[in-house]
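Reviewing the structure listed below.
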Amino acid sequence: MSELFFTKKHEWVKVDGEHATIGISDYAQEQLGDIVFIELPDVDEDFEQGDDFGVVESVKAASDLYMPISGKVVEINEELEDAPELVNEDAMANWMLKVEVTNKAELEDLLTEDQYKDFIEEE
């Protein structure tokens, strides 16, 4: 069963078994505006929770991307290299990377979907 969690820096993570899919939230892409560039890590790179793993640039600003959960990158969404604007079209469908999760207990540090909705309403 898949579980969806969010960080306070607006990344989302969907865990399915030992793997997790990661992207930025719809709220984040709205705040950034038109996305023009995304820099993602290489496959096989290891990250700890909270590490920055890339950059997203829009016409307004550049923002670091932060790893919501520790893991090893097993796949990146190569479509975003040529078409970063896909994130603006559907931030949840256009994931950025997939990782092999190394510490599922870290999910306890993240927000559920309801908690995230409350968090962005307060921002």
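By convention in this document, the chains of the structure tokens carry letters A, B, ... by their order, each chain's residues are numbered from 1, and ligands are numbered from 1 in the order they are shown.
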
Using only C-alpha atoms, which protein or nucleic acid residues come within 6 Å of stretch 42-56 of chain A? Drop anything in the same chain fewer than 2 positions from it, and give the result as a list of chain:residue names.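 Everything that qualifies: A:Phe37, A:Ile38, A:Glu39, A:Leu40, A:Ala62, A:Ser63, A:Asp64, A:Leu65, A:Tyr66, A:Met67, A:Pro68, A:Ile69, A:Ser70, A:Gly71, A:Lys72, A:Val73, A:Val74, A:Glu75.
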
Do you know which residues are at most 6 Å from stretch 79-85 of chain A counting only C-alpha atoms, after dropping those on the same chain fewer than 2 positions away, and could you put them as a PDB file with C-alpha atoms, in the first residue's frame?
```pdb
ATOM      1  CA  ILE A  35       9.656  26.263 -14.088  1.00  0.00           C
ATOM      2  CA  VAL A  36      12.448  26.557 -16.657  1.00  0.00           C
ATOM      3  CA  PHE A  37      15.174  24.210 -15.360  1.00  0.00           C
ATOM      4  CA  ASN A  77      12.665  11.424 -14.394  1.00  0.00           C
ATOM      5  CA  VAL A  87       5.986  19.939 -13.144  1.00  0.00           C
ATOM      6  CA  ASN A  88       3.790  23.029 -13.578  1.00  0.00           C
TER       7      ASN A  88
END
```

Computed gap from atom CA of A:Asp34 to atom CA of A:Lys60 is 7.8 Å

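Using only C-alpha atoms, the nearest neighbour of A:Ala93 within the list A:Asp118, A:Ile24, A:Glu18, A:Phe6 is A:Ile24.
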
- Item | strand (DSSP E or B) call set, DSSP backbone run, chain A, as a ChimeraX atom specification | /A:3-6,11-16,19-24,35-39,46-47,52-58,62-66,71-76,97-101,111

Output N, CA and C atoms for every residue in the selection just made, as a short mmCIF file (atom, residue, chain, number, x, y, z; two decimals), in the first residue's frame.
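To be explicit, this is the file written out as selection.cif:
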```
data_model
loop_
_atom_site.label_atom_id
_atom_site.label_comp_id
_atom_site.auth_asym_id
_atom_site.auth_seq_id
_atom_site.Cartn_x
_atom_site.Cartn_y
_atom_site.Cartn_z
N GLU A 3 1.92 5.18 0.56
CA GLU A 3 1.67 6.22 1.54
C GLU A 3 2.28 7.51 1.03
N LEU A 4 1.56 8.62 1.19
CA LEU A 4 2.01 9.92 0.72
C LEU A 4 2.32 10.82 1.90
N PHE A 5 3.52 11.41 1.88
CA PHE A 5 3.97 12.30 2.93
C PHE A 5 4.58 13.56 2.32
N PHE A 6 4.69 14.62 3.14
CA PHE A 6 5.23 15.90 2.68
C PHE A 6 6.26 16.43 3.67
N GLU A 11 8.44 19.22 -0.50
CA GLU A 11 8.63 18.02 -1.31
C GLU A 11 7.60 16.99 -0.86
N TRP A 12 7.24 16.11 -1.80
CA TRP A 12 6.37 14.99 -1.43
C TRP A 12 7.12 13.70 -1.65
N VAL A 13 6.71 12.68 -0.92
CA VAL A 13 7.29 11.35 -1.07
C VAL A 13 6.16 10.33 -0.97
N LYS A 14 6.17 9.42 -1.91
CA LYS A 14 5.18 8.34 -1.94
C LYS A 14 5.94 7.04 -1.80
N VAL A 15 5.71 6.35 -0.69
CA VAL A 15 6.44 5.12 -0.40
C VAL A 15 5.61 3.92 -0.85
N ASP A 16 6.29 3.02 -1.57
CA ASP A 16 5.66 1.79 -2.02
C ASP A 16 6.66 0.67 -1.79
N HIS A 19 10.72 1.20 -1.96
CA HIS A 19 11.06 2.32 -2.84
C HIS A 19 10.15 3.52 -2.56
N ALA A 20 10.67 4.69 -2.91
CA ALA A 20 9.90 5.92 -2.74
C ALA A 20 10.05 6.78 -3.98
N THR A 21 8.97 7.42 -4.35
CA THR A 21 8.95 8.37 -5.45
C THR A 21 8.88 9.76 -4.84
N ILE A 22 9.67 10.70 -5.39
CA ILE A 22 9.81 12.03 -4.78
C ILE A 22 9.58 13.12 -5.82
N GLY A 23 8.92 14.19 -5.40
CA GLY A 23 8.71 15.35 -6.26
C GLY A 23 8.44 16.57 -5.41
N ILE A 24 8.00 17.66 -6.06
CA ILE A 24 7.61 18.85 -5.29
C ILE A 24 6.09 18.96 -5.31
N ILE A 35 8.38 26.96 -14.29
CA ILE A 35 9.66 26.26 -14.09
C ILE A 35 10.38 26.14 -15.42
N VAL A 36 11.66 26.54 -15.42
CA VAL A 36 12.45 26.56 -16.66
C VAL A 36 13.64 25.60 -16.64
N PHE A 37 14.01 25.09 -15.46
CA PHE A 37 15.17 24.21 -15.36
C PHE A 37 15.09 23.38 -14.08
N ILE A 38 15.48 22.12 -14.18
CA ILE A 38 15.55 21.24 -13.01
C ILE A 38 16.87 20.48 -13.08
N GLU A 39 17.63 20.54 -12.00
CA GLU A 39 18.87 19.78 -11.89
C GLU A 39 18.64 18.64 -10.91
N ASP A 46 23.78 8.37 -2.97
CA ASP A 46 23.14 8.16 -1.67
C ASP A 46 22.88 9.50 -1.01
N PHE A 47 21.73 9.62 -0.35
CA PHE A 47 21.36 10.84 0.34
C PHE A 47 20.79 10.51 1.72
N ASP A 52 20.32 18.30 0.33
CA ASP A 52 19.78 18.82 -0.92
C ASP A 52 20.21 17.88 -2.04
N PHE A 53 19.25 17.63 -2.94
CA PHE A 53 19.51 16.67 -4.02
C PHE A 53 19.43 17.29 -5.40
N GLY A 54 19.10 18.57 -5.47
CA GLY A 54 19.00 19.21 -6.77
C GLY A 54 18.50 20.63 -6.64
N VAL A 55 18.18 21.20 -7.80
CA VAL A 55 17.72 22.58 -7.87
C VAL A 55 16.58 22.66 -8.88
N VAL A 56 15.60 23.50 -8.54
CA VAL A 56 14.54 23.82 -9.49
C VAL A 56 14.58 25.33 -9.69
N GLU A 57 14.60 25.74 -10.97
CA GLU A 57 14.65 27.16 -11.30
C GLU A 57 13.38 27.55 -12.05
N SER A 58 12.87 28.72 -11.67
CA SER A 58 11.70 29.25 -12.37
C SER A 58 12.04 30.65 -12.86
N ALA A 62 15.30 30.49 -7.90
CA ALA A 62 15.87 29.14 -7.86
C ALA A 62 15.72 28.62 -6.44
N SER A 63 15.38 27.35 -6.32
CA SER A 63 15.20 26.74 -5.01
C SER A 63 15.88 25.39 -4.95
N ASP A 64 16.52 25.12 -3.82
CA ASP A 64 17.10 23.81 -3.61
C ASP A 64 15.99 22.81 -3.36
N LEU A 65 16.26 21.56 -3.70
CA LEU A 65 15.36 20.46 -3.45
C LEU A 65 15.96 19.63 -2.33
N TYR A 66 15.15 19.23 -1.36
CA TYR A 66 15.64 18.52 -0.19
C TYR A 66 15.06 17.12 -0.11
N GLY A 71 17.99 7.57 1.23
CA GLY A 71 17.94 6.50 0.25
C GLY A 71 18.95 6.66 -0.85
N LYS A 72 18.97 5.65 -1.70
CA LYS A 72 19.87 5.61 -2.86
C LYS A 72 19.03 5.82 -4.11
N VAL A 73 19.45 6.76 -4.96
CA VAL A 73 18.70 7.07 -6.18
C VAL A 73 18.76 5.87 -7.12
N VAL A 74 17.58 5.40 -7.54
CA VAL A 74 17.52 4.27 -8.47
C VAL A 74 17.00 4.70 -9.84
N GLU A 75 16.38 5.89 -9.91
CA GLU A 75 15.85 6.38 -11.19
C GLU A 75 15.58 7.88 -11.08
N ILE A 76 15.85 8.59 -12.17
CA ILE A 76 15.45 9.99 -12.25
C ILE A 76 14.47 10.14 -13.41
N LEU A 97 12.44 11.91 -8.80
CA LEU A 97 13.34 10.77 -8.67
C LEU A 97 12.71 9.68 -7.83
N LYS A 98 13.31 8.50 -7.95
CA LYS A 98 12.90 7.35 -7.15
C LYS A 98 14.12 6.87 -6.39
N VAL A 99 13.90 6.50 -5.14
CA VAL A 99 15.00 6.03 -4.30
C VAL A 99 14.65 4.70 -3.64
N GLU A 100 15.70 3.97 -3.32
CA GLU A 100 15.57 2.78 -2.48
C GLU A 100 15.70 3.28 -1.05
N VAL A 101 14.65 3.14 -0.27
CA VAL A 101 14.58 3.70 1.08
C VAL A 101 15.51 2.94 2.02
N LEU A 111 5.04 15.11 7.21
CA LEU A 111 3.64 15.47 7.39
C LEU A 111 2.74 14.57 6.56
#
```

Based on the backbone DSSP call, show me all residues of stretch 49-114 of chain A assigned helix (DSSP H, G or I), as a list in words.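 Across stretch 49-114 of chain A, those assigned helix (DSSP H, G or I) are Glu79, Leu80, Glu81, Asp82, Leu86, Val87, Asn88, Glu89, Lys104, Ala105, Glu106, Leu107, Glu108, Asp109, Glu113 and Asp114 of chain A.
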